[in-house]
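Student: Sharing final33.pdb (PDB, C-alpha atoms) below.
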```pdb
MODEL        1
ATOM      1  CA  MET A 199      93.967 117.783 103.486  1.00  0.00           C
ATOM      2  CA  ASN A 200      92.735 118.800 100.059  1.00  0.00           C
ATOM      3  CA  ALA A 201      90.855 116.619  97.565  1.00  0.00           C
ATOM      4  CA  GLN A 202      93.841 116.198  95.215  1.00  0.00           C
ATOM      5  CA  THR A 203      96.008 114.810  98.033  1.00  0.00           C
ATOM      6  CA  LEU A 204      93.237 112.383  99.021  1.00  0.00           C
ATOM      7  CA  GLN A 205      92.980 111.197  95.402  1.00  0.00           C
ATOM      8  CA  ILE A 206      96.614 110.115  95.642  1.00  0.00           C
ATOM      9  CA  ILE A 207      96.735 108.786  99.216  1.00  0.00           C
ATOM     10  CA  VAL A 208      93.516 106.716  99.298  1.00  0.00           C
ATOM     11  CA  PRO A 209      94.354 104.531  96.262  1.00  0.00           C
ATOM     12  CA  ILE A 210      97.860 103.974  97.640  1.00  0.00           C
ATOM     13  CA  LEU A 211      96.434 102.921 101.017  1.00  0.00           C
ATOM     14  CA  ILE A 212      94.178 100.433  99.240  1.00  0.00           C
ATOM     15  CA  ILE A 213      96.572  99.139  96.572  1.00  0.00           C
ATOM     16  CA  VAL A 214      99.708  98.627  98.688  1.00  0.00           C
ATOM     17  CA  PRO A 215      98.129  96.066 101.070  1.00  0.00           C
ATOM     18  CA  LEU A 216      96.373  94.326  98.164  1.00  0.00           C
ATOM     19  CA  LEU A 217      99.660  94.102  96.266  1.00  0.00           C
ATOM     20  CA  TYR A 218     101.407  92.751  99.341  1.00  0.00           C
ATOM     21  CA  PHE A 219      98.905  89.900  99.741  1.00  0.00           C
ATOM     22  CA  ARG A 220      98.790  89.231  95.979  1.00  0.00           C
ATOM     23  CA  ILE A 221     102.576  89.049  95.721  1.00  0.00           C
ATOM     24  CA  ASN A 222     102.797  86.719  98.726  1.00  0.00           C
ATOM     25  CA  ARG A 223     100.206  84.412  97.171  1.00  0.00           C
ATOM     26  CA  MET A 224     101.835  84.468  93.729  1.00  0.00           C
ATOM     27  CA  MET A 225     105.240  83.586  95.158  1.00  0.00           C
ATOM     28  CA  LYS A 226     103.911  80.279  96.511  1.00  0.00           C
ATOM     29  CA  PRO A 227     103.420  77.318  94.163  1.00  0.00           C
ATOM     30  CA  GLN A 228      99.788  76.998  93.110  1.00  0.00           C
ATOM     31  CA  ARG A 229      97.933  74.286  91.235  1.00  0.00           C
ATOM     32  CA  LEU A 230      97.290  75.286  87.642  1.00  0.00           C
ATOM     33  CA  LYS A 231      94.533  73.772  85.521  1.00  0.00           C
ATOM     34  CA  LEU A 232      95.507  73.655  81.862  1.00  0.00           C
ATOM     35  CA  ARG A 233      91.891  73.899  80.672  1.00  0.00           C
ATOM     36  CA  SER A 234      91.183  77.088  82.609  1.00  0.00           C
ATOM     37  CA  ILE A 235      94.329  79.084  81.810  1.00  0.00           C
ATOM     38  CA  LEU A 236      92.768  80.876  78.842  1.00  0.00           C
ATOM     39  CA  ILE A 237      89.382  81.590  80.445  1.00  0.00           C
ATOM     40  CA  ARG A 238      90.442  84.741  82.326  1.00  0.00           C
ATOM     41  CA  PRO A 239      92.122  86.345  79.273  1.00  0.00           C
ATOM     42  CA  ALA A 240      89.054  85.512  77.169  1.00  0.00           C
ATOM     43  CA  ILE A 241      86.795  87.257  79.693  1.00  0.00           C
ATOM     44  CA  ILE A 242      89.091  90.304  79.747  1.00  0.00           C
ATOM     45  CA  ILE A 243      89.161  90.492  75.936  1.00  0.00           C
ATOM     46  CA  PHE A 244      85.371  90.191  75.819  1.00  0.00           C
ATOM     47  CA  ALA A 245      84.959  92.956  78.420  1.00  0.00           C
ATOM     48  CA  ALA A 246      87.400  95.188  76.511  1.00  0.00           C
ATOM     49  CA  ALA A 247      85.478  94.595  73.278  1.00  0.00           C
ATOM     50  CA  VAL A 248      82.204  95.500  74.990  1.00  0.00           C
ATOM     51  CA  VAL A 249      83.709  98.722  76.348  1.00  0.00           C
ATOM     52  CA  LEU A 250      85.137  99.666  72.943  1.00  0.00           C
ATOM     53  CA  THR A 251      81.835  99.091  71.160  1.00  0.00           C
ATOM     54  CA  GLN A 252      80.147 101.591  73.503  1.00  0.00           C
ATOM     55  CA  ALA A 253      82.281 104.435  72.131  1.00  0.00           C
ATOM     56  CA  PRO A 254      84.194 103.277  69.045  1.00  0.00           C
ATOM     57  CA  PRO A 255      87.547 104.992  68.500  1.00  0.00           C
ATOM     58  CA  GLN A 256      88.081 107.542  65.766  1.00  0.00           C
ATOM     59  CA  PRO A 257      90.103 106.354  62.746  1.00  0.00           C
ATOM     60  CA  GLY A 258      92.946 108.713  63.679  1.00  0.00           C
ATOM     61  CA  ASP A 259      93.278 107.049  67.062  1.00  0.00           C
ATOM     62  CA  TYR A 260      93.883 103.514  65.732  1.00  0.00           C
ATOM     63  CA  VAL A 261      97.651 103.985  65.818  1.00  0.00           C
ATOM     64  CA  TRP A 262      97.465 104.316  69.618  1.00  0.00           C
ATOM     65  CA  PHE A 263      95.424 101.122  69.879  1.00  0.00           C
ATOM     66  CA  VAL A 264      97.868  99.206  67.702  1.00  0.00           C
ATOM     67  CA  LEU A 265     100.736 100.504  69.827  1.00  0.00           C
ATOM     68  CA  ALA A 266      98.868  99.497  73.015  1.00  0.00           C
ATOM     69  CA  VAL A 267      98.310  95.976  71.668  1.00  0.00           C
ATOM     70  CA  ALA A 268     101.965  95.639  70.647  1.00  0.00           C
ATOM     71  CA  VAL A 269     103.362  96.879  73.964  1.00  0.00           C
ATOM     72  CA  GLY A 270     100.777  94.950  76.006  1.00  0.00           C
ATOM     73  CA  ALA A 271     101.407  91.731  74.075  1.00  0.00           C
ATOM     74  CA  ALA A 272     105.183  92.063  74.465  1.00  0.00           C
ATOM     75  CA  GLY A 273     104.872  92.786  78.183  1.00  0.00           C
ATOM     76  CA  GLY A 274     102.422  89.925  78.663  1.00  0.00           C
ATOM     77  CA  TRP A 275     104.636  87.450  76.822  1.00  0.00           C
ATOM     78  CA  TYR A 276     107.614  88.505  78.941  1.00  0.00           C
ATOM     79  CA  TRP A 277     105.584  88.309  82.154  1.00  0.00           C
ATOM     80  CA  GLY A 278     104.320  84.850  81.173  1.00  0.00           C
ATOM     81  CA  LYS A 279     107.883  83.704  80.480  1.00  0.00           C
ATOM     82  CA  LEU A 280     108.842  84.767  84.009  1.00  0.00           C
ATOM     83  CA  THR A 281     106.186  82.501  85.543  1.00  0.00           C
ATOM     84  CA  GLU A 282     107.769  79.267  86.745  1.00  0.00           C
ATOM     85  CA  LEU A 283     105.966  76.068  85.727  1.00  0.00           C
ATOM     86  CA  HIS A 284     106.668  72.557  86.964  1.00  0.00           C
ATOM     87  CA  LEU A 285     104.970  69.246  87.616  1.00  0.00           C
ATOM     88  CA  HIS A 286     104.353  68.301  91.228  1.00  0.00           C
ATOM     89  CA  PRO A 287     106.773  65.441  92.007  1.00  0.00           C
ATOM     90  CA  GLU A 288     104.230  63.355  93.934  1.00  0.00           C
ATOM     91  CA  ASP A 289     101.035  63.533  91.917  1.00  0.00           C
ATOM     92  CA  GLY A 290     102.163  65.074  88.592  1.00  0.00           C
ATOM     93  CA  THR A 291      99.804  68.064  88.723  1.00  0.00           C
ATOM     94  CA  LEU A 292     100.808  71.248  86.978  1.00  0.00           C
ATOM     95  CA  MET A 293     102.099  73.926  89.372  1.00  0.00           C
ATOM     96  CA  SER A 294     102.937  77.580  88.776  1.00  0.00           C
ATOM     97  CA  LYS A 295     104.863  80.103  90.792  1.00  0.00           C
ATOM     98  CA  GLY A 296     105.319  83.788  90.116  1.00  0.00           C
ATOM     99  CA  SER A 297     108.815  85.174  89.930  1.00  0.00           C
ATOM    100  CA  GLN A 298     110.260  88.258  91.562  1.00  0.00           C
ATOM    101  CA  ALA A 299     110.883  89.740  88.124  1.00  0.00           C
ATOM    102  CA  GLY A 300     107.217  89.179  87.258  1.00  0.00           C
ATOM    103  CA  MET A 301     106.224  91.009  90.416  1.00  0.00           C
ATOM    104  CA  ILE A 302     108.498  93.895  89.443  1.00  0.00           C
ATOM    105  CA  VAL A 303     106.747  94.024  86.048  1.00  0.00           C
ATOM    106  CA  LEU A 304     103.360  94.156  87.801  1.00  0.00           C
ATOM    107  CA  ILE A 305     104.460  96.863  90.245  1.00  0.00           C
ATOM    108  CA  GLY A 306     106.054  98.812  87.383  1.00  0.00           C
ATOM    109  CA  LEU A 307     102.819  98.705  85.379  1.00  0.00           C
ATOM    110  CA  ILE A 308     100.831  99.979  88.344  1.00  0.00           C
ATOM    111  CA  ALA A 309     103.376 102.755  88.954  1.00  0.00           C
ATOM    112  CA  VAL A 310     103.280 103.797  85.277  1.00  0.00           C
ATOM    113  CA  ARG A 311      99.493 103.826  85.363  1.00  0.00           C
ATOM    114  CA  PHE A 312      99.451 106.066  88.435  1.00  0.00           C
ATOM    115  CA  GLY A 313     102.094 108.316  86.903  1.00  0.00           C
ATOM    116  CA  LEU A 314     100.171 108.625  83.644  1.00  0.00           C
ATOM    117  CA  ARG A 315      96.941 109.247  85.487  1.00  0.00           C
ATOM    118  CA  ALA A 316      98.450 111.976  87.636  1.00  0.00           C
ATOM    119  CA  GLY A 317     100.490 113.569  84.854  1.00  0.00           C
ATOM    120  CA  ILE A 318      97.777 113.535  82.242  1.00  0.00           C
ATOM    121  CA  GLY A 319      95.151 114.571  84.776  1.00  0.00           C
ATOM    122  CA  MET A 320      97.102 117.741  85.457  1.00  0.00           C
ATOM    123  CA  GLU A 321      98.079 118.484  81.861  1.00  0.00           C
ATOM    124  CA  ALA A 322      95.215 116.980  79.815  1.00  0.00           C
ATOM    125  CA  GLU A 323      93.905 120.302  78.531  1.00  0.00           C
ATOM    126  CA  THR A 324      97.375 121.568  77.675  1.00  0.00           C
ATOM    127  CA  LEU A 325      98.318 118.357  75.865  1.00  0.00           C
ATOM    128  CA  HIS A 326      94.892 118.084  74.134  1.00  0.00           C
ATOM    129  CA  ILE A 327      94.413 114.497  75.304  1.00  0.00           C
ATOM    130  CA  ASN A 328      91.038 112.803  75.094  1.00  0.00           C
ATOM    131  CA  ALA A 329      90.497 111.061  78.445  1.00  0.00           C
ATOM    132  CA  VAL A 330      88.044 108.512  76.990  1.00  0.00           C
ATOM    133  CA  MET A 331      90.498 107.539  74.259  1.00  0.00           C
ATOM    134  CA  LEU A 332      93.316 107.228  76.802  1.00  0.00           C
ATOM    135  CA  THR A 333      91.175 105.008  79.016  1.00  0.00           C
ATOM    136  CA  ASP A 334      90.255 102.836  76.029  1.00  0.00           C
ATOM    137  CA  VAL A 335      93.924 102.523  75.050  1.00  0.00           C
ATOM    138  CA  LEU A 336      94.782 101.401  78.584  1.00  0.00           C
ATOM    139  CA  ILE A 337      91.950  98.845  78.472  1.00  0.00           C
ATOM    140  CA  VAL A 338      93.281  97.464  75.172  1.00  0.00           C
ATOM    141  CA  PHE A 339      96.809  97.382  76.629  1.00  0.00           C
ATOM    142  CA  THR A 340      95.587  95.438  79.671  1.00  0.00           C
ATOM    143  CA  ALA A 341      93.603  92.986  77.552  1.00  0.00           C
ATOM    144  CA  ALA A 342      96.630  92.322  75.327  1.00  0.00           C
ATOM    145  CA  LEU A 343      98.896  91.991  78.372  1.00  0.00           C
ATOM    146  CA  PHE A 344      96.770  89.349  80.094  1.00  0.00           C
ATOM    147  CA  ALA A 345      95.869  87.555  76.872  1.00  0.00           C
ATOM    148  CA  MET A 346      99.501  87.086  75.845  1.00  0.00           C
ATOM    149  CA  ARG A 347     100.523  86.160  79.387  1.00  0.00           C
ATOM    150  CA  GLY A 348      97.830  83.478  79.456  1.00  0.00           C
ATOM    151  CA  LEU A 349      98.744  82.232  75.969  1.00  0.00           C
ATOM    152  CA  GLU A 350     102.439  81.975  76.791  1.00  0.00           C
ATOM    153  CA  ILE A 351     101.751  80.089  80.032  1.00  0.00           C
ATOM    154  CA  PHE A 352      99.247  77.834  78.244  1.00  0.00           C
ATOM    155  CA  LEU A 353     101.740  76.917  75.502  1.00  0.00           C
ATOM    156  CA  ARG A 354     104.513  76.138  77.979  1.00  0.00           C
ATOM    157  CA  ALA A 355     102.154  74.240  80.296  1.00  0.00           C
ATOM    158  CA  ARG A 356     100.811  72.116  77.438  1.00  0.00           C
ATOM    159  CA  ALA A 357     104.349  71.275  76.322  1.00  0.00           C
ATOM    160  CA  LEU A 358     105.297  70.403  79.910  1.00  0.00           C
ATOM    161  CA  MET A 359     102.239  68.153  80.318  1.00  0.00           C
ATOM    162  CA  ASN A 360     102.990  66.354  77.020  1.00  0.00           C
ATOM    163  CA  GLN A 361     106.538  65.437  78.055  1.00  0.00           C
TER     164      GLN A 361
ENDMDL
END
```
Would you mind writing the file out in structure tokens?
Tutor:
Amino acid sequence: MNAQTLQIIVPILIIVPLLYFRINRMMKPQRLKLRSILIRPAIIIFAAAVVLTQAPPQPGDYVWFVLAVAVGAAGGWYWGKLTELHLHPEDGTLMSKGSQAGMIVLIGLIAVRFGLRAGIGMEAETLHINAVMLTDVLIVFTAALFAMRGLEIFLRARALMNQ
């Protein structure tokens, strides 16, 4: 087996079982604390900002970052909308449950990432793509995705708790 084949097979062997357990856990109702919903997105945004300050993007690359934020925010809002929220009938605690469509969005994002990584890895020199800039764009996309997902869930959860 050559190194390129191992670079494809090993991540798949790691990610598929992790996705299986993550999807099973997300499909079960879980207690959701309203005060902690925005903590994870804030940490991700902070980490993305730290990474971007290490090697600031060139002014010509800003269009890609704006596009990444727009697509990530739209995907995150949609993914957040697909998360089911309800109050527990016995004790009134806030509960969340992932949807099958949300899981498809997650699996689709992972598949696109692997496809981009493989495709650009093979054709990076031909396409004149800067790998650092591409990585930074994907970090910004991820930060926007999780931030908007958290914000959408927070807004709906707050409205549900105030009813």
Student: So which one's closest to Val310 of chain A, A:Met293, A:Leu217, A:Leu336, A:Val330? Using all atoms listed in the file, please.
Tutor: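 Of all the options, A:Leu336 lies closest to Val310 of chain A.
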Student: Please evaluate the PyMOL selection byres ((chain A and resi 331) around 12) against the displayed coordinates and give the resulting residues as a PyMOL selection string.
Tutor: chain A and resi 249-250+252-263+266+322+326-330+332-338
Student: Which residue out of A:Val267, A:Leu285, A:Ala309, A:Gln361 has the minimum interatomic distance to Phe339 of chain A when all atoms listed in the file are used?
Tutor: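 Ranked by minimum distance to Phe339 of chain A, first place goes to A:Val267.
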Student: Separation of atom CA of Trp277 of chain A and atom CA of Ala342 of chain A, in Å?
Tutor: 12.0 Å
Student: Ranking A:Ala341, A:Val269, A:Ile212, A:Met301 by minimum distance to Ala247 of chain A and counting only C-alpha atoms, which one comes first?
Tutor: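 Smallest separation from Ala247 of chain A among the options: A:Ala341.
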Student: Evaluate the PyMOL selection byres ((chain A and resi 273) around 10) and record the selected residues as a compact mmCIF listing (two decimals) with C-alpha atoms, in the frame of the given file, following the chain and residue labels used in the document.
Tutor:
```
# COMPACT_ATOMS: atom_id res chain seq x y z
CA VAL A 267 98.31 95.98 71.67
CA ALA A 268 101.96 95.64 70.65
CA VAL A 269 103.36 96.88 73.96
CA GLY A 270 100.78 94.95 76.01
CA ALA A 271 101.41 91.73 74.08
CA ALA A 272 105.18 92.06 74.46
CA GLY A 274 102.42 89.92 78.66
CA TRP A 275 104.64 87.45 76.82
CA TYR A 276 107.61 88.50 78.94
CA TRP A 277 105.58 88.31 82.15
CA GLY A 278 104.32 84.85 81.17
CA LYS A 279 107.88 83.70 80.48
CA VAL A 303 106.75 94.02 86.05
CA LEU A 304 103.36 94.16 87.80
CA LEU A 307 102.82 98.70 85.38
CA PHE A 339 96.81 97.38 76.63
CA THR A 340 95.59 95.44 79.67
CA ALA A 342 96.63 92.32 75.33
CA LEU A 343 98.90 91.99 78.37
CA PHE A 344 96.77 89.35 80.09
CA MET A 346 99.50 87.09 75.84
CA ARG A 347 100.52 86.16 79.39
```
Student: From the options A:Ile242, A:Met225, A:Leu292, A:Val248, which residue's atoms come nearest to Ala355 of chain A, counting all atoms listed in the file?
Tutor: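 With all atoms listed in the file as the atom set, the closest residue is A:Leu292.
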